[in-house]
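See below for run-v3.cif, which holds mmCIF, C-alpha atoms.
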```cif
data_target
#
loop_
_atom_site.label_atom_id
_atom_site.label_comp_id
_atom_site.auth_asym_id
_atom_site.auth_seq_id
_atom_site.Cartn_x
_atom_site.Cartn_y
_atom_site.Cartn_z
CA MET A 1 -67.32 5.14 39.12
CA THR A 2 -66.18 5.36 35.50
CA SER A 3 -64.34 8.64 36.06
CA SER A 4 -62.68 7.23 39.18
CA LEU A 5 -61.49 4.16 37.25
CA SER A 6 -60.20 6.37 34.42
CA ALA A 7 -58.32 8.49 36.92
CA ARG A 8 -56.69 5.42 38.46
CA ILE A 9 -55.67 4.11 35.04
CA ALA A 10 -54.24 7.53 34.16
CA GLU A 11 -52.10 7.42 37.29
CA LEU A 12 -50.38 4.31 35.94
CA ARG A 13 -49.24 6.00 32.73
CA VAL A 14 -45.60 6.83 32.20
CA ASP A 15 -44.81 10.51 32.70
CA ILE A 16 -43.08 11.73 29.51
CA THR A 17 -42.50 15.30 30.73
CA PRO A 18 -38.67 15.01 30.58
CA LEU A 19 -38.88 14.12 26.87
CA ARG A 20 -40.91 17.25 26.20
CA SER A 21 -38.95 19.65 28.39
CA SER A 22 -35.30 18.77 27.67
CA ALA A 23 -33.62 18.35 24.28
CA ASP A 24 -30.49 16.95 25.92
CA PHE A 25 -32.52 14.34 27.77
CA ARG A 26 -34.15 13.37 24.47
CA ARG A 27 -30.73 12.79 22.92
CA LEU A 28 -29.57 10.74 25.90
CA PHE A 29 -32.80 8.76 25.85
CA TRP A 30 -32.83 7.93 22.14
CA GLY A 31 -29.07 7.47 21.93
CA GLY A 32 -29.12 5.17 24.95
CA SER A 33 -32.09 3.21 23.62
CA ILE A 34 -30.41 2.61 20.25
CA PHE A 35 -27.20 1.72 22.06
CA TRP A 36 -29.00 -0.89 24.16
CA PHE A 37 -30.88 -2.27 21.14
CA GLY A 38 -27.68 -2.91 19.20
CA GLY A 39 -25.93 -4.28 22.27
CA MET A 40 -28.56 -6.99 22.61
CA PHE A 41 -27.39 -8.56 19.35
CA SER A 42 -23.87 -9.08 20.69
CA TYR A 43 -25.35 -10.00 24.08
CA VAL A 44 -27.03 -13.01 22.44
CA ALA A 45 -24.34 -13.71 19.84
CA LEU A 46 -21.35 -13.87 22.20
CA PRO A 47 -22.56 -16.68 24.51
CA PHE A 48 -24.11 -18.54 21.58
CA GLN A 49 -20.84 -18.40 19.65
CA LEU A 50 -18.79 -19.51 22.66
CA TYR A 51 -21.16 -22.38 23.45
CA ASP A 52 -21.18 -23.41 19.79
CA LEU A 53 -17.38 -23.38 19.64
CA THR A 54 -16.70 -25.05 22.99
CA GLY A 55 -19.85 -26.91 24.11
CA SER A 56 -19.11 -25.81 27.68
CA ASN A 57 -21.37 -23.80 30.01
CA PHE A 58 -18.34 -22.80 32.05
CA ALA A 59 -16.58 -21.46 28.97
CA VAL A 60 -19.54 -19.14 28.47
CA GLY A 61 -19.56 -18.09 32.13
CA ALA A 62 -15.79 -17.60 32.05
CA LEU A 63 -16.29 -14.59 29.80
CA GLY A 64 -17.65 -12.81 32.88
CA LEU A 65 -14.54 -13.76 34.85
CA VAL A 66 -12.32 -12.30 32.13
CA GLU A 67 -14.27 -9.04 32.35
CA LEU A 68 -14.04 -8.89 36.15
CA VAL A 69 -10.73 -7.07 36.65
CA PRO A 70 -11.35 -4.44 33.93
CA LEU A 71 -14.76 -3.69 35.43
CA ILE A 72 -13.35 -3.20 38.93
CA VAL A 73 -10.33 -1.13 37.96
CA PHE A 74 -11.81 1.00 35.20
CA GLY A 75 -15.24 1.25 36.78
CA LEU A 76 -13.76 3.03 39.79
CA TYR A 77 -11.31 5.04 37.69
CA GLY A 78 -14.07 5.95 35.22
CA GLY A 79 -16.20 7.27 38.06
CA ALA A 80 -13.39 9.52 39.28
CA LEU A 81 -12.71 10.66 35.71
CA ALA A 82 -16.38 11.54 35.21
CA ASP A 83 -16.21 13.86 38.21
CA ARG A 84 -13.36 15.91 36.75
CA ALA A 85 -13.43 15.60 32.94
CA ASP A 86 -16.13 16.52 30.42
CA ARG A 87 -18.67 13.73 30.69
CA ARG A 88 -19.85 14.31 27.11
CA THR A 89 -16.32 13.76 25.77
CA ILE A 90 -15.97 10.54 27.76
CA LEU A 91 -19.32 9.34 26.48
CA LEU A 92 -18.45 9.95 22.82
CA SER A 93 -14.89 8.56 22.91
CA THR A 94 -15.90 5.32 24.64
CA SER A 95 -18.81 4.87 22.25
CA ALA A 96 -16.42 5.12 19.30
CA ALA A 97 -14.14 2.55 20.95
CA GLN A 98 -17.05 0.14 21.33
CA VAL A 99 -17.84 0.44 17.63
CA LEU A 100 -14.28 -0.66 16.79
CA LEU A 101 -14.34 -3.54 19.26
CA ILE A 102 -17.59 -5.04 18.00
CA ALA A 103 -16.30 -4.60 14.45
CA THR A 104 -13.34 -6.77 15.47
CA LEU A 105 -15.72 -9.46 16.75
CA LEU A 106 -17.47 -9.26 13.37
CA ALA A 107 -14.18 -9.74 11.53
CA ASN A 108 -13.33 -12.73 13.75
CA ALA A 109 -16.77 -14.31 13.23
CA VAL A 110 -16.42 -14.40 9.45
CA LEU A 111 -13.15 -16.37 9.67
CA GLU A 112 -13.27 -20.02 8.75
CA SER A 113 -12.02 -20.85 12.25
CA PRO A 114 -12.96 -18.03 14.69
CA GLN A 115 -10.37 -17.52 17.42
CA ILE A 116 -11.77 -18.22 20.88
CA TRP A 117 -8.96 -16.35 22.62
CA LEU A 118 -9.78 -13.21 20.64
CA ILE A 119 -13.38 -13.31 21.89
CA TYR A 120 -12.12 -13.19 25.47
CA VAL A 121 -9.64 -10.40 24.70
CA ILE A 122 -12.30 -8.26 23.03
CA GLY A 123 -14.66 -9.02 25.92
CA ALA A 124 -12.10 -7.66 28.36
CA LEU A 125 -11.43 -4.54 26.26
CA TYR A 126 -15.16 -3.94 25.82
CA ALA A 127 -15.50 -4.13 29.60
CA VAL A 128 -12.86 -1.38 29.85
CA ALA A 129 -14.78 0.90 27.46
CA SER A 130 -18.11 0.20 29.15
CA SER A 131 -16.62 0.80 32.59
CA LEU A 132 -15.29 4.19 31.54
CA GLN A 133 -18.52 5.13 29.78
CA ARG A 134 -21.32 4.22 32.16
CA PRO A 135 -20.36 6.49 35.10
CA ALA A 136 -20.20 9.48 32.74
CA ARG A 137 -23.58 8.65 31.18
CA GLU A 138 -25.30 8.04 34.51
CA ALA A 139 -23.80 11.17 36.06
CA LEU A 140 -24.79 13.30 33.07
CA MET A 141 -28.49 12.40 33.06
CA PRO A 142 -29.58 14.19 36.28
CA ARG A 143 -28.24 17.48 34.91
CA THR A 144 -30.58 17.35 31.91
CA VAL A 145 -33.83 17.53 33.92
CA ARG A 146 -35.28 19.22 36.99
CA HIS A 147 -34.99 17.50 40.37
CA ASP A 148 -38.72 16.79 40.50
CA GLU A 149 -38.50 15.18 37.04
CA LEU A 150 -35.84 12.66 38.08
CA PRO A 151 -38.27 9.82 38.94
CA ALA A 152 -39.97 10.23 35.54
CA ALA A 153 -36.60 10.44 33.74
CA THR A 154 -35.43 7.30 35.55
CA VAL A 155 -38.53 5.41 34.46
CA LEU A 156 -38.20 6.62 30.87
CA ASN A 157 -34.58 5.48 30.69
CA SER A 158 -35.68 2.11 32.02
CA LEU A 159 -38.49 1.99 29.46
CA GLY A 160 -36.11 2.64 26.55
CA ARG A 161 -33.78 -0.04 27.83
CA GLN A 162 -36.59 -2.55 28.28
CA VAL A 163 -37.97 -1.97 24.77
CA ALA A 164 -34.46 -2.59 23.43
CA MET A 165 -34.10 -5.71 25.57
CA LEU A 166 -37.50 -6.92 24.36
CA THR A 167 -36.97 -6.48 20.63
CA GLY A 168 -33.20 -6.93 20.41
CA PRO A 169 -32.75 -10.51 21.70
CA ALA A 170 -35.78 -11.82 19.78
CA LEU A 171 -34.47 -10.38 16.53
CA ALA A 172 -30.96 -11.48 17.38
CA GLY A 173 -32.10 -15.06 17.90
CA LEU A 174 -33.87 -15.09 14.56
CA ILE A 175 -30.93 -13.51 12.73
CA ILE A 176 -28.40 -15.87 14.31
CA GLY A 177 -30.56 -18.84 13.42
CA GLN A 178 -30.93 -17.73 9.79
CA PHE A 179 -27.67 -15.95 9.00
CA GLY A 180 -25.18 -16.61 11.82
CA VAL A 181 -23.48 -14.55 14.51
CA SER A 182 -21.57 -12.36 12.05
CA VAL A 183 -24.76 -10.61 10.92
CA ALA A 184 -25.75 -10.06 14.56
CA TYR A 185 -22.41 -8.36 15.20
CA ALA A 186 -22.92 -6.22 12.09
CA VAL A 187 -26.27 -4.97 13.41
CA ASP A 188 -24.61 -4.00 16.70
CA VAL A 189 -21.87 -2.08 14.87
CA ALA A 190 -24.47 -0.11 12.89
CA ALA A 191 -26.54 0.66 16.00
CA LEU A 192 -23.52 1.79 18.03
CA ALA A 193 -22.43 4.10 15.22
CA ALA A 194 -25.92 5.62 14.99
CA ALA A 195 -26.13 6.14 18.76
CA THR A 196 -22.71 7.82 18.79
CA ALA A 197 -23.79 10.20 16.04
CA LEU A 198 -26.94 11.09 17.99
CA LEU A 199 -25.07 11.72 21.24
CA TRP A 200 -22.69 14.02 19.38
CA GLY A 201 -25.44 16.66 19.39
CA LEU A 202 -25.54 16.95 23.20
CA SER A 203 -25.24 20.61 24.17
CA ILE A 204 -24.71 20.19 27.90
CA ARG A 205 -21.14 20.04 29.12
CA GLY A 206 -20.60 17.42 31.76
CA ARG A 207 -18.12 18.96 34.16
CA PRO A 208 -19.52 18.99 37.71
CA GLN A 209 -20.38 22.36 39.21
CA GLU A 210 -18.30 21.82 42.34
CA GLY A 211 -15.69 19.42 43.57
CA ASP A 212 -13.16 18.39 46.16
CA GLY A 213 -10.11 19.82 44.42
CA GLU A 214 -8.35 16.54 43.62
CA ASP A 215 -6.50 15.67 40.44
CA ILE A 216 -8.41 14.05 37.58
CA GLY A 217 -8.92 10.34 38.13
CA SER A 218 -6.62 10.22 41.18
CA LEU A 219 -6.65 7.31 43.62
CA ARG A 220 -7.56 9.73 46.37
CA GLN A 221 -10.67 10.76 44.45
CA VAL A 222 -11.69 7.12 44.15
CA LEU A 223 -11.24 6.67 47.90
CA VAL A 224 -13.34 9.76 48.58
CA GLY A 225 -16.19 8.21 46.61
CA LEU A 226 -15.83 4.85 48.35
CA ARG A 227 -15.83 6.46 51.79
CA TYR A 228 -18.90 8.50 50.94
CA ALA A 229 -20.78 5.41 49.73
CA ALA A 230 -19.77 3.41 52.81
CA SER A 231 -20.93 6.23 55.11
CA ARG A 232 -24.52 5.96 53.83
CA ARG A 233 -26.35 2.74 54.66
CA ASP A 234 -29.09 3.63 52.17
CA LEU A 235 -26.54 3.56 49.34
CA VAL A 236 -24.90 0.42 50.74
CA GLY A 237 -28.33 -1.21 50.66
CA THR A 238 -28.85 -0.42 46.97
CA TYR A 239 -25.52 -2.02 46.10
CA VAL A 240 -25.57 -5.05 48.38
CA ILE A 241 -29.18 -6.12 47.81
CA ASP A 242 -28.71 -6.12 44.04
CA MET A 243 -25.36 -7.94 44.21
CA VAL A 244 -26.75 -10.63 46.49
CA ALA A 245 -29.76 -11.18 44.22
CA MET A 246 -27.65 -11.38 41.07
CA ILE A 247 -24.93 -13.63 42.50
CA MET A 248 -27.49 -16.10 43.74
CA ALA A 249 -29.98 -16.01 40.87
CA MET A 250 -28.52 -14.90 37.55
CA PRO A 251 -28.80 -17.96 35.26
CA ILE A 252 -28.70 -16.27 31.84
CA VAL A 253 -25.51 -18.14 30.99
CA LEU A 254 -27.60 -21.33 31.03
CA TRP A 255 -30.14 -20.22 28.41
CA PRO A 256 -28.35 -21.92 25.48
CA ALA A 257 -28.24 -25.21 27.40
CA LEU A 258 -31.80 -24.82 28.72
CA ALA A 259 -33.21 -24.19 25.25
CA THR A 260 -31.09 -26.80 23.45
CA ASP A 261 -30.58 -29.69 25.89
CA VAL A 262 -33.37 -29.39 28.48
CA LEU A 263 -36.40 -27.98 26.67
CA GLU A 264 -35.11 -29.17 23.27
CA GLN A 265 -36.37 -26.07 21.50
CA PRO A 266 -33.22 -24.22 20.34
CA GLU A 267 -35.24 -22.13 17.90
CA TRP A 268 -36.78 -20.33 20.89
CA LEU A 269 -33.47 -19.30 22.45
CA GLY A 270 -34.15 -15.63 21.74
CA LEU A 271 -37.44 -15.92 23.62
CA LEU A 272 -35.59 -16.78 26.84
CA TYR A 273 -33.54 -13.60 26.54
CA THR A 274 -36.64 -11.56 25.67
CA ALA A 275 -39.08 -12.83 28.30
CA GLU A 276 -37.67 -10.79 31.17
CA ALA A 277 -37.78 -7.68 29.02
CA VAL A 278 -41.48 -8.28 28.30
CA GLY A 279 -42.24 -8.35 32.02
CA ALA A 280 -40.04 -5.34 32.63
CA LEU A 281 -41.74 -3.42 29.83
CA VAL A 282 -45.20 -4.15 31.25
CA ALA A 283 -44.07 -3.05 34.69
CA THR A 284 -42.45 0.10 33.30
CA SER A 285 -45.47 1.00 31.18
CA THR A 286 -47.67 0.93 34.29
CA SER A 287 -45.14 2.58 36.60
CA GLY A 288 -46.98 5.81 37.32
CA TRP A 289 -47.61 4.45 40.81
CA THR A 290 -43.88 4.63 41.63
CA SER A 291 -44.08 8.39 42.19
CA ARG A 292 -46.39 7.77 45.15
CA VAL A 293 -44.00 5.35 46.87
CA HIS A 294 -41.62 6.96 49.34
CA HIS A 295 -40.13 3.95 51.16
CA HIS A 296 -37.85 3.05 48.31
CA GLY A 297 -35.70 0.63 50.31
CA ARG A 298 -38.65 -1.61 51.09
CA ALA A 299 -39.64 -1.66 47.43
CA VAL A 300 -36.12 -2.77 46.45
CA VAL A 301 -36.02 -5.56 49.03
CA LEU A 302 -39.48 -6.96 48.24
CA ALA A 303 -38.85 -6.83 44.50
CA ALA A 304 -35.51 -8.66 44.89
CA ILE A 305 -37.15 -11.43 46.94
CA ALA A 306 -39.89 -11.79 44.33
CA TRP A 307 -37.22 -11.94 41.61
CA GLY A 308 -35.57 -14.89 43.39
CA GLY A 309 -38.88 -16.70 43.73
CA ALA A 310 -39.66 -16.33 40.03
CA ILE A 311 -36.19 -17.59 39.02
CA ALA A 312 -36.58 -20.61 41.34
CA LEU A 313 -39.80 -21.51 39.51
CA VAL A 314 -38.07 -21.27 36.13
CA GLY A 315 -36.00 -24.32 36.97
CA LEU A 316 -39.12 -26.32 37.87
CA MET A 317 -41.32 -25.51 34.90
CA PRO A 318 -42.01 -28.41 32.47
CA SER A 319 -42.42 -26.42 29.25
CA MET A 320 -41.22 -23.32 27.44
CA ILE A 321 -44.46 -21.37 27.96
CA TRP A 322 -44.26 -21.68 31.74
CA VAL A 323 -40.58 -20.83 31.77
CA VAL A 324 -41.32 -17.68 29.76
CA LEU A 325 -44.16 -16.64 32.09
CA CYS A 326 -41.93 -17.01 35.15
CA LEU A 327 -39.19 -15.01 33.43
CA MET A 328 -41.69 -12.27 32.66
CA VAL A 329 -42.51 -12.00 36.37
CA ALA A 330 -38.79 -11.98 37.19
CA GLY A 331 -38.20 -9.20 34.67
CA ALA A 332 -40.98 -7.07 36.17
CA MET A 333 -39.53 -7.46 39.65
CA ASP A 334 -36.01 -6.66 38.46
CA MET A 335 -37.26 -3.49 36.78
CA ILE A 336 -39.08 -2.33 39.91
CA SER A 337 -35.97 -2.90 42.01
CA GLY A 338 -33.81 -1.05 39.48
CA VAL A 339 -36.14 1.95 39.24
CA PHE A 340 -36.21 2.55 42.98
CA ARG A 341 -32.45 2.08 43.32
CA SER A 342 -31.91 4.64 40.55
CA ILE A 343 -34.30 7.11 42.16
CA ILE A 344 -32.36 6.91 45.43
CA TRP A 345 -29.09 7.57 43.59
CA ASN A 346 -30.38 10.40 41.42
CA GLN A 347 -32.23 12.24 44.18
CA THR A 348 -29.60 12.05 46.92
CA ILE A 349 -26.06 12.07 45.46
CA PRO A 350 -24.37 15.50 45.01
CA ASP A 351 -23.33 16.35 41.45
CA HIS A 352 -19.59 16.39 42.16
CA LEU A 353 -19.77 12.80 43.43
CA ARG A 354 -22.14 11.34 40.84
CA GLY A 355 -19.42 9.96 38.58
CA ARG A 356 -17.66 8.09 41.37
CA LEU A 357 -20.90 6.79 42.83
CA ALA A 358 -22.08 5.77 39.35
CA GLY A 359 -18.82 3.84 39.01
CA ILE A 360 -19.52 2.00 42.26
CA GLU A 361 -23.11 1.38 41.16
CA MET A 362 -21.85 -0.01 37.86
CA LEU A 363 -19.62 -2.44 39.71
CA SER A 364 -22.51 -3.70 41.83
CA TYR A 365 -24.69 -3.91 38.72
CA SER A 366 -22.04 -5.77 36.71
CA LEU A 367 -20.06 -7.86 39.18
CA GLY A 368 -23.12 -9.52 40.66
CA PRO A 369 -24.39 -10.91 37.32
CA MET A 370 -20.89 -11.96 36.26
CA ALA A 371 -20.30 -13.84 39.50
CA GLY A 372 -23.81 -15.25 39.27
CA GLN A 373 -23.23 -16.54 35.76
CA ALA A 374 -19.96 -18.18 36.80
CA ARG A 375 -21.79 -19.79 39.77
CA ALA A 376 -24.63 -20.99 37.55
CA GLY A 377 -22.24 -22.47 34.98
CA LEU A 378 -20.23 -24.36 37.59
CA VAL A 379 -23.32 -25.72 39.39
CA ALA A 380 -24.95 -26.71 36.09
CA ASP A 381 -21.87 -28.64 34.93
CA ALA A 382 -21.47 -30.31 38.34
CA TRP A 383 -25.18 -31.00 38.94
CA SER A 384 -27.83 -30.02 36.37
CA VAL A 385 -29.18 -26.99 34.53
CA ARG A 386 -32.52 -27.10 36.34
CA GLY A 387 -30.86 -27.62 39.72
CA ALA A 388 -28.54 -24.64 39.18
CA ILE A 389 -31.46 -22.36 38.34
CA THR A 390 -33.83 -23.38 41.16
CA SER A 391 -31.21 -23.55 43.91
CA GLY A 392 -30.02 -20.08 42.97
CA GLY A 393 -33.51 -18.61 43.18
CA ILE A 394 -34.14 -20.12 46.61
CA ALA A 395 -30.75 -18.92 47.87
CA CYS A 396 -31.55 -15.43 46.55
CA MET A 397 -34.77 -15.19 48.57
CA GLY A 398 -33.06 -16.22 51.79
CA MET A 399 -29.95 -14.08 51.40
CA VAL A 400 -31.86 -10.94 50.40
CA GLY A 401 -34.08 -11.34 53.46
CA LEU A 402 -31.07 -11.70 55.76
CA THR A 403 -29.38 -8.70 54.12
CA ALA A 404 -32.48 -6.56 54.69
CA VAL A 405 -32.44 -7.48 58.39
CA TRP A 406 -28.78 -6.45 58.56
CA LEU A 407 -29.39 -3.16 56.71
CA HIS A 408 -32.47 -2.14 58.70
CA ASP A 409 -31.81 1.56 57.94
CA PHE A 410 -32.27 0.80 54.26
CA TRP A 411 -35.65 -0.78 55.00
CA ARG A 412 -36.73 2.42 56.78
CA TYR A 413 -35.55 4.82 54.04
CA ASP A 414 -38.14 7.55 53.29
CA ALA A 415 -37.46 9.99 50.43
CA ARG A 416 -39.59 12.69 52.08
CA THR A 417 -37.45 12.92 55.20
CA ASP A 418 -34.05 11.45 54.31
CA VAL A 419 -31.44 14.11 55.07
CA HIS A 420 -29.53 13.52 51.83
CA ALA A 421 -32.65 13.69 49.65
CA VAL A 422 -33.78 16.89 51.37
CA ALA A 423 -30.32 18.48 51.06
CA GLU A 424 -29.97 17.70 47.36
CA ARG A 425 -33.50 18.95 46.65
CA GLU A 426 -32.75 22.25 48.39
CA ARG A 427 -29.32 22.61 46.73
CA ARG A 428 -30.74 22.22 43.25
CA ALA A 429 -33.58 24.63 43.97
CA GLN A 430 -31.15 27.27 45.25
CA LEU A 431 -28.78 26.86 42.32
CA ALA A 432 -31.65 27.03 39.83
CA ALA A 433 -32.99 30.20 41.47
CA LYS A 434 -29.51 31.77 41.43
CA GLN A 435 -29.06 31.05 37.73
CA GLY A 436 -32.64 31.91 36.81
CA MET A 437 -33.16 28.40 35.43
CA PRO A 438 -35.96 25.85 35.97
CA GLY A 439 -33.80 23.50 37.99
CA THR A 440 -32.04 21.70 35.15
CA THR A 441 -28.57 21.87 36.66
#
```
Whole structure, structure tokens version:
Amino acid sequence: MTSSLSARIAELRVDITPLRSSADFRRLFWGGSIFWFGGMFSYVALPFQLYDLTGSNFAVGALGLVELVPLIVFGLYGGALADRADRRTILLSTSAAQVLLIATLLANAVLESPQIWLIYVIGALYAVASSLQRPAREALMPRTVRHDELPAATVLNSLGRQVAMLTGPALAGLIIGQFGVSVAYAVDVAALAAATALLWGLSIRGRPQEGDGEDIGSLRQVLVGLRYAASRRDLVGTYVIDMVAMIMAMPIVLWPALATDVLEQPEWLGLLYTAEAVGALVATSTSGWTSRVHHHGRAVVLAAIAWGGAIALVGLMPSMIWVVLCLMVAGAMDMISGVFRSIIWNQTIPDHLRGRLAGIEMLSYSLGPMAGQARAGLVADAWSVRGAITSGGIACMGMVGLTAVWLHDFWRYDARTDVHAVAERERRAQLAAKQGMPGTT
């Protein structure tokens, strides 16, 4: 009995094989983790600064609207660029740009009267850099590990991100409370610079092994990626389910108001940003079971519905401790959904299309939360903070369920038999055998 229990516990452990087997994956992992950690300081500082300067929930949510067009345009263009240019070069140049942009926010924050318009301008430019960077980073990762290591690599990337999201906001809240937003921006600048230096050591070159012969970043390339994504209902499901869940139930923009005006505990603002990361970290740390799940679409749908339910409860809870517990559950469900969506992408998308499909994925990942934050801000100002949160969670549950009925092929997705998963698995095995490599292409 004891040995059986030990074996079951061991199956829950995170598989760290990719960290041991690939130096390039290690650099991506640690560089990405540091990048995320620093980013959390600006993630907390920006809305806090805007709310402090304006006193408006909508003004905070409007930052997402300002970032909308750059994300759409440069997300799609960045995906096409990542399928023709050196992904490592894109990664390094955009990281350097982000260092300069956050440094500008730091300079603005130390002014006697910080300029609100400049915050929006830098937010838009930062969205441009992020949109160009993420497709290259996401497309580069699968080439650093073997095909059979992709689920473990996906979980590890999620783990690094969740640790950053756990520690970063909590520290950011404390630092902002003690020293102000300028110090938070300074921490982000230092972290971004360190991550860029670490990523400089990547040895793998990011050009795809094959392609469709189009010019770099051309509109036709973008359309090729869009048509490919639209032709696969499993990919459509990963995008649409996440967007629906985020549009309906993404209330992060309301955390300053919830902590200050509703719960009347502004000193615990950082805890609201951290709670989801705690749940996500627990779920990630016990994610060994994910390798035994093959119906990834069902896992995404059920996790998204559970996310909506947890968010709905947040708006009903009477005290901070219950709010935090509900957010922990929401974070765990969001992580599970994200892991299975990433596994579908990494195991089924051909290398020469990964940049463009990562660009589309980035749009679904980014546009949903931005629209959701704008929705939450408007509803909160027109109704109430609690009402905006709970109504969004309930709407999320219903809309995700209806979307799953519409995308019934996504519900039936099975990684063992899906034609795209099988084809990509065979392609990588053949290429690895031809090159005499262990499948790290």
Counting only C-alpha atoms, what is within 7 Å of A:Gly315, bar same-chain residues fewer than 5 positions away, as a PyMOL selection string? chain A and resi 386-387+389-390
How many Å separate atom CA of A:Ser364 from atom CA of A:Leu65?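 Taking atom CA of A:Ser364 and atom CA of A:Leu65, their separation equals 14.6 Å.
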Residues selected by the PyMOL selection byres ((chain A and resi 321-335) around 7), written as JSON, numbers by chain: {"A": [272, 275, 276, 277, 278, 279, 280, 283, 303, 304, 306, 307, 310, 311, 313, 314, 317, 319, 320, 336, 337, 338, 339]}
Padding 8 Å on every side, please: axis-aligned box over the listed atoms of stretch 229-244 of chain A, centre and edge lengths to one decimal in Å, as AutoDock Vina command-line options.
```
--center_x -24.5 --center_y -2.2 --center_z 49.6 --size_x 25.4 --size_y 32.9 --size_z 27.1
```
Selection result of the PyMOL selection byres ((chain A and resi 225) around 10) on this file, as a ChimeraX atom specification: /A:76,79-80,220-224,226-231,352-360
Run the PyMOL selection byres ((chain A and resi 127) around 10) against the file shown and list the residues it catches, as a PyMOL selection string. chain A and resi 64+66-72+74-75+98+121-126+128-133+366
Can you tell me which residues surround A:Val293 at a distance of at most 9 Å, considering only C-alpha atoms, apart from same-chain residues fewer than 4 positions away, and format the answer as an MDAnalysis selection string? chainID A and resid 289 299 414:415
Write out as a ChimeraX atom specification the residues lying within 7 Å of stretch 43-51 of chain A, counting all atoms listed in the file and excluding same-chain residues fewer than 2 positions away. /A:39-41,53-57,59-60,169,172,181,184,256
Taking 3 positions as the minimum chain separation for residues in the same chain, which residues sit within 6 Å of A:Arg298 when counting only C-alpha atoms? Answer as number ranges by chain. A: 295, 301, 411
Pick from A:Thr274, A:Ser158, A:Ser342, A:Ser22: nearest to A:Ala170, with only C-alpha atoms counted?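 Among the listed residues, the smallest separation from A:Ala170 belongs to A:Thr274.
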Between atom CA of A:Gln373 and atom CA of A:Ile344, what is the distance, to one decimal in Å?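 Taking atom CA of A:Gln373 as the start and atom CA of A:Ile344 as the end point, the length is 27.0 Å.
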What is the distance between atom CA of A:Ala380 and atom CA of A:Trp255, in Å to one decimal?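 A separation of 11.3 Å between them.
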